[in-house]
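S.K.: Sharing start.cif (mmCIF, C-alpha atoms; chains and numbers go by the auth columns) below.
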```
data_upload
loop_
_atom_site.group_PDB
_atom_site.id
_atom_site.type_symbol
_atom_site.label_atom_id
_atom_site.label_comp_id
_atom_site.label_asym_id
_atom_site.label_seq_id
_atom_site.Cartn_x
_atom_site.Cartn_y
_atom_site.Cartn_z
_atom_site.B_iso_or_equiv
_atom_site.auth_seq_id
_atom_site.auth_asym_id
ATOM 1 C CA MET A 1 18.529 -4.074 -5.406 0.00 206 I
ATOM 2 C CA HIS A 2 15.949 -3.245 -2.794 0.00 207 I
ATOM 3 C CA GLU A 3 15.974 0.484 -2.105 0.00 208 I
ATOM 4 C CA PHE A 4 16.039 0.024 1.680 0.00 209 I
ATOM 5 C CA LEU A 5 18.708 -2.696 1.771 0.00 210 I
ATOM 6 C CA ASN A 6 21.349 -0.311 3.120 0.00 211 I
ATOM 7 C CA THR A 7 19.004 0.852 5.855 0.00 212 I
ATOM 8 C CA ALA A 8 18.163 -2.740 6.803 0.00 213 I
ATOM 9 C CA ILE A 9 21.859 -3.592 7.063 0.00 214 I
ATOM 10 C CA ARG A 10 22.414 -0.515 9.239 0.00 215 I
ATOM 11 C CA PHE A 11 19.610 -1.640 11.561 0.00 216 I
ATOM 12 C CA ILE A 12 21.220 -5.050 11.946 0.00 217 I
ATOM 13 C CA LEU A 13 24.550 -3.403 12.766 0.00 218 I
ATOM 14 C CA ILE A 14 22.879 -1.039 15.252 0.00 219 I
ATOM 15 C CA GLU A 15 21.132 -3.936 16.981 0.00 220 I
ATOM 16 C CA GLN A 16 24.410 -5.865 17.250 0.00 221 I
ATOM 17 C CA ARG A 17 26.207 -2.812 18.609 0.00 222 I
ATOM 18 C CA LEU A 18 23.396 -2.189 21.089 0.00 223 I
ATOM 19 C CA THR A 19 23.685 -5.775 22.326 0.00 224 I
ATOM 20 C CA ALA A 20 27.439 -5.364 22.741 0.00 225 I
ATOM 21 C CA LEU A 21 27.047 -2.033 24.546 0.00 226 I
ATOM 22 C CA ARG A 22 24.447 -3.516 26.869 0.00 227 I
ATOM 23 C CA ALA A 23 26.949 -6.158 27.922 0.00 228 I
ATOM 24 C CA VAL A 24 29.618 -3.536 28.673 0.00 229 I
ATOM 25 C CA GLN A 25 27.422 -0.700 29.956 0.00 230 I
ATOM 26 C CA PRO A 26 24.210 -2.021 31.494 0.00 231 I
ATOM 27 C CA GLU A 27 23.048 1.523 32.340 0.00 232 I
ATOM 28 C CA ILE A 28 22.293 2.234 28.647 0.00 233 I
ATOM 29 C CA ASP A 29 18.571 2.689 28.192 0.00 234 I
ATOM 30 C CA ALA A 30 18.316 -0.132 25.677 0.00 235 I
ATOM 31 C CA ILE A 31 14.537 -0.242 25.840 0.00 236 I
ATOM 32 C CA ALA A 32 14.268 3.395 24.734 0.00 237 I
ATOM 33 C CA VAL A 33 16.736 2.806 21.899 0.00 238 I
ATOM 34 C CA GLU A 34 14.877 -0.321 20.788 0.00 239 I
ATOM 35 C CA ASP A 35 11.595 1.615 20.846 0.00 240 I
ATOM 36 C CA HIS A 36 13.106 4.244 18.541 0.00 241 I
ATOM 37 C CA ILE A 37 14.384 1.545 16.199 0.00 242 I
ATOM 38 C CA LYS A 38 10.925 -0.051 16.087 0.00 243 I
ATOM 39 C CA ARG A 39 9.327 3.297 15.219 0.00 244 I
ATOM 40 C CA ILE A 40 11.859 3.870 12.443 0.00 245 I
ATOM 41 C CA ARG A 41 11.232 0.362 11.087 0.00 246 I
ATOM 42 C CA THR A 42 7.483 0.935 11.113 0.00 247 I
ATOM 43 C CA THR A 43 7.919 4.224 9.272 0.00 248 I
ATOM 44 C CA LEU A 44 10.122 2.567 6.640 0.00 249 I
ATOM 45 C CA LYS A 45 7.503 -0.150 6.128 0.00 250 I
ATOM 46 C CA GLN A 46 4.852 2.536 5.640 0.00 251 I
ATOM 47 C CA ILE A 47 7.073 4.350 3.121 0.00 252 I
ATOM 48 C CA THR A 48 7.587 1.069 1.269 0.00 253 I
ATOM 49 C CA ASN A 49 3.821 0.485 1.183 0.00 254 I
ATOM 50 C CA ILE A 50 3.168 4.003 -0.084 0.00 255 I
ATOM 51 C CA THR A 51 5.862 3.621 -2.755 0.00 256 I
ATOM 52 C CA THR A 52 4.304 0.330 -3.857 0.00 257 I
ATOM 53 C CA HIS A 53 0.858 1.937 -4.119 0.00 258 I
ATOM 54 C CA ILE A 54 2.265 4.858 -6.120 0.00 259 I
ATOM 55 C CA HIS A 55 3.952 2.406 -8.494 0.00 260 I
ATOM 56 C CA ASN A 56 0.663 0.520 -8.941 0.00 261 I
ATOM 57 C CA VAL A 57 -1.257 3.739 -9.605 0.00 262 I
ATOM 58 C CA ARG A 58 1.285 4.754 -12.249 0.00 263 I
ATOM 59 C CA GLN A 59 0.953 1.374 -13.936 0.00 264 I
ATOM 60 C CA ASN A 60 -2.829 1.725 -13.925 0.00 265 I
ATOM 61 C CA ILE A 61 -2.586 5.217 -15.421 0.00 266 I
ATOM 62 C CA GLU A 62 -0.376 3.872 -18.205 0.00 267 I
ATOM 63 C CA THR A 63 -2.888 1.100 -18.879 0.00 268 I
ATOM 64 C CA ILE A 64 -5.750 3.600 -19.030 0.00 269 I
ATOM 65 C CA ALA A 65 -3.758 5.896 -21.343 0.00 270 I
ATOM 66 C CA THR A 66 -3.050 2.960 -23.653 0.00 271 I
ATOM 67 C CA GLU A 67 -6.733 2.061 -23.723 0.00 272 I
ATOM 68 C CA VAL A 68 -7.663 5.670 -24.515 0.00 273 I
ATOM 69 C CA GLU A 69 -5.200 5.712 -27.412 0.00 274 I
ATOM 70 C CA THR A 70 -6.636 2.442 -28.688 0.00 275 I
ATOM 71 C CA LEU A 71 -10.163 3.896 -28.595 0.00 276 I
ATOM 72 C CA LYS A 72 -9.028 7.000 -30.487 0.00 277 I
ATOM 73 C CA GLN A 73 -7.850 4.909 -33.441 0.00 278 I
#
```
Output the file's structure as structure tokens, nothing else.

M.R.:
Amino acid sequence: MHEFLNTAIRFILIEQRLTALRAVQPEIDAIAVEDHIKRIRTTLKQITNITTHIHNVRQNIETIATEVETLKQ
């Protein structure tokens, strides 16, 4: 399961609730809320990218360690 699946589902629910609230209470500053949601989404994408890079680095380290062990033999 994707590690941010729960967060993605929460965003969908928040967006639906925001749409419903806008219909009932037009004075809600929906633009400000949407801006915050966009910033959070961007941050989560950056975290995902960083996590992916860390995973790749770890795989590369394991490959290098295996090669070193092979050379030692």

S.K.: Tell me, as an MDAnalysis selection string, which residues lie within 10 Å of Asp234 in chain I, counting all atoms listed in the file; anything in the same chain fewer than 5 positions away does not count.

M.R.: chainID I and resid 223 227 239

S.K.: Deliver the residues from the most recent selection as a file, using C-alpha atoms, as a PDB file, in the coordinates of the input.

M.R.:
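Output below, filename selection.pdb:
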```pdb
ATOM      1  CA  LEU I 223      23.396  -2.189  21.089  1.00  0.00           C
ATOM      2  CA  ARG I 227      24.447  -3.516  26.869  1.00  0.00           C
ATOM      3  CA  GLU I 239      14.877  -0.321  20.788  1.00  0.00           C
TER       4      GLU I 239
END
```

S.K.: Counting all atoms listed in the file, figure out which residue out of I:Glu208, I:Ile252, I:His260, I:Glu220 gets nearest to Asp240 in chain I.

M.R.: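 Selected residue with least distance to Asp240 in chain I: I:Glu220.
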
S.K.: Suppose you want the space between CA of Asn211 in chain I and CA of Arg246 in chain I; what is it in Å?

M.R.: 12.9 Å

S.K.: Box for range 210-226 of chain I: with edges along x, y and z, all listed atoms inside and 5 Å added on each side, what are the centre and edge lengths in Å to one decimal, as lines of an AutoDock Vina configuration file?

M.R.:
```
center_x = 22.8
center_y = -2.5
center_z = 13.2
size_x = 19.3
size_y = 16.7
size_z = 32.8
```

S.K.: Suppose you want the space between CA of Gln230 in chain I and CA of Lys243 in chain I; what is it in Å?

M.R.: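 CA of Lys243 in chain I lies at a distance of 21.6 Å from CA of Gln230 in chain I.
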
S.K.: What gap, in Å, lies between CA of His258 in chain I and CA of Leu276 in chain I?

M.R.: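 Separating CA of His258 in chain I from CA of Leu276 in chain I is a distance of 26.9 Å.
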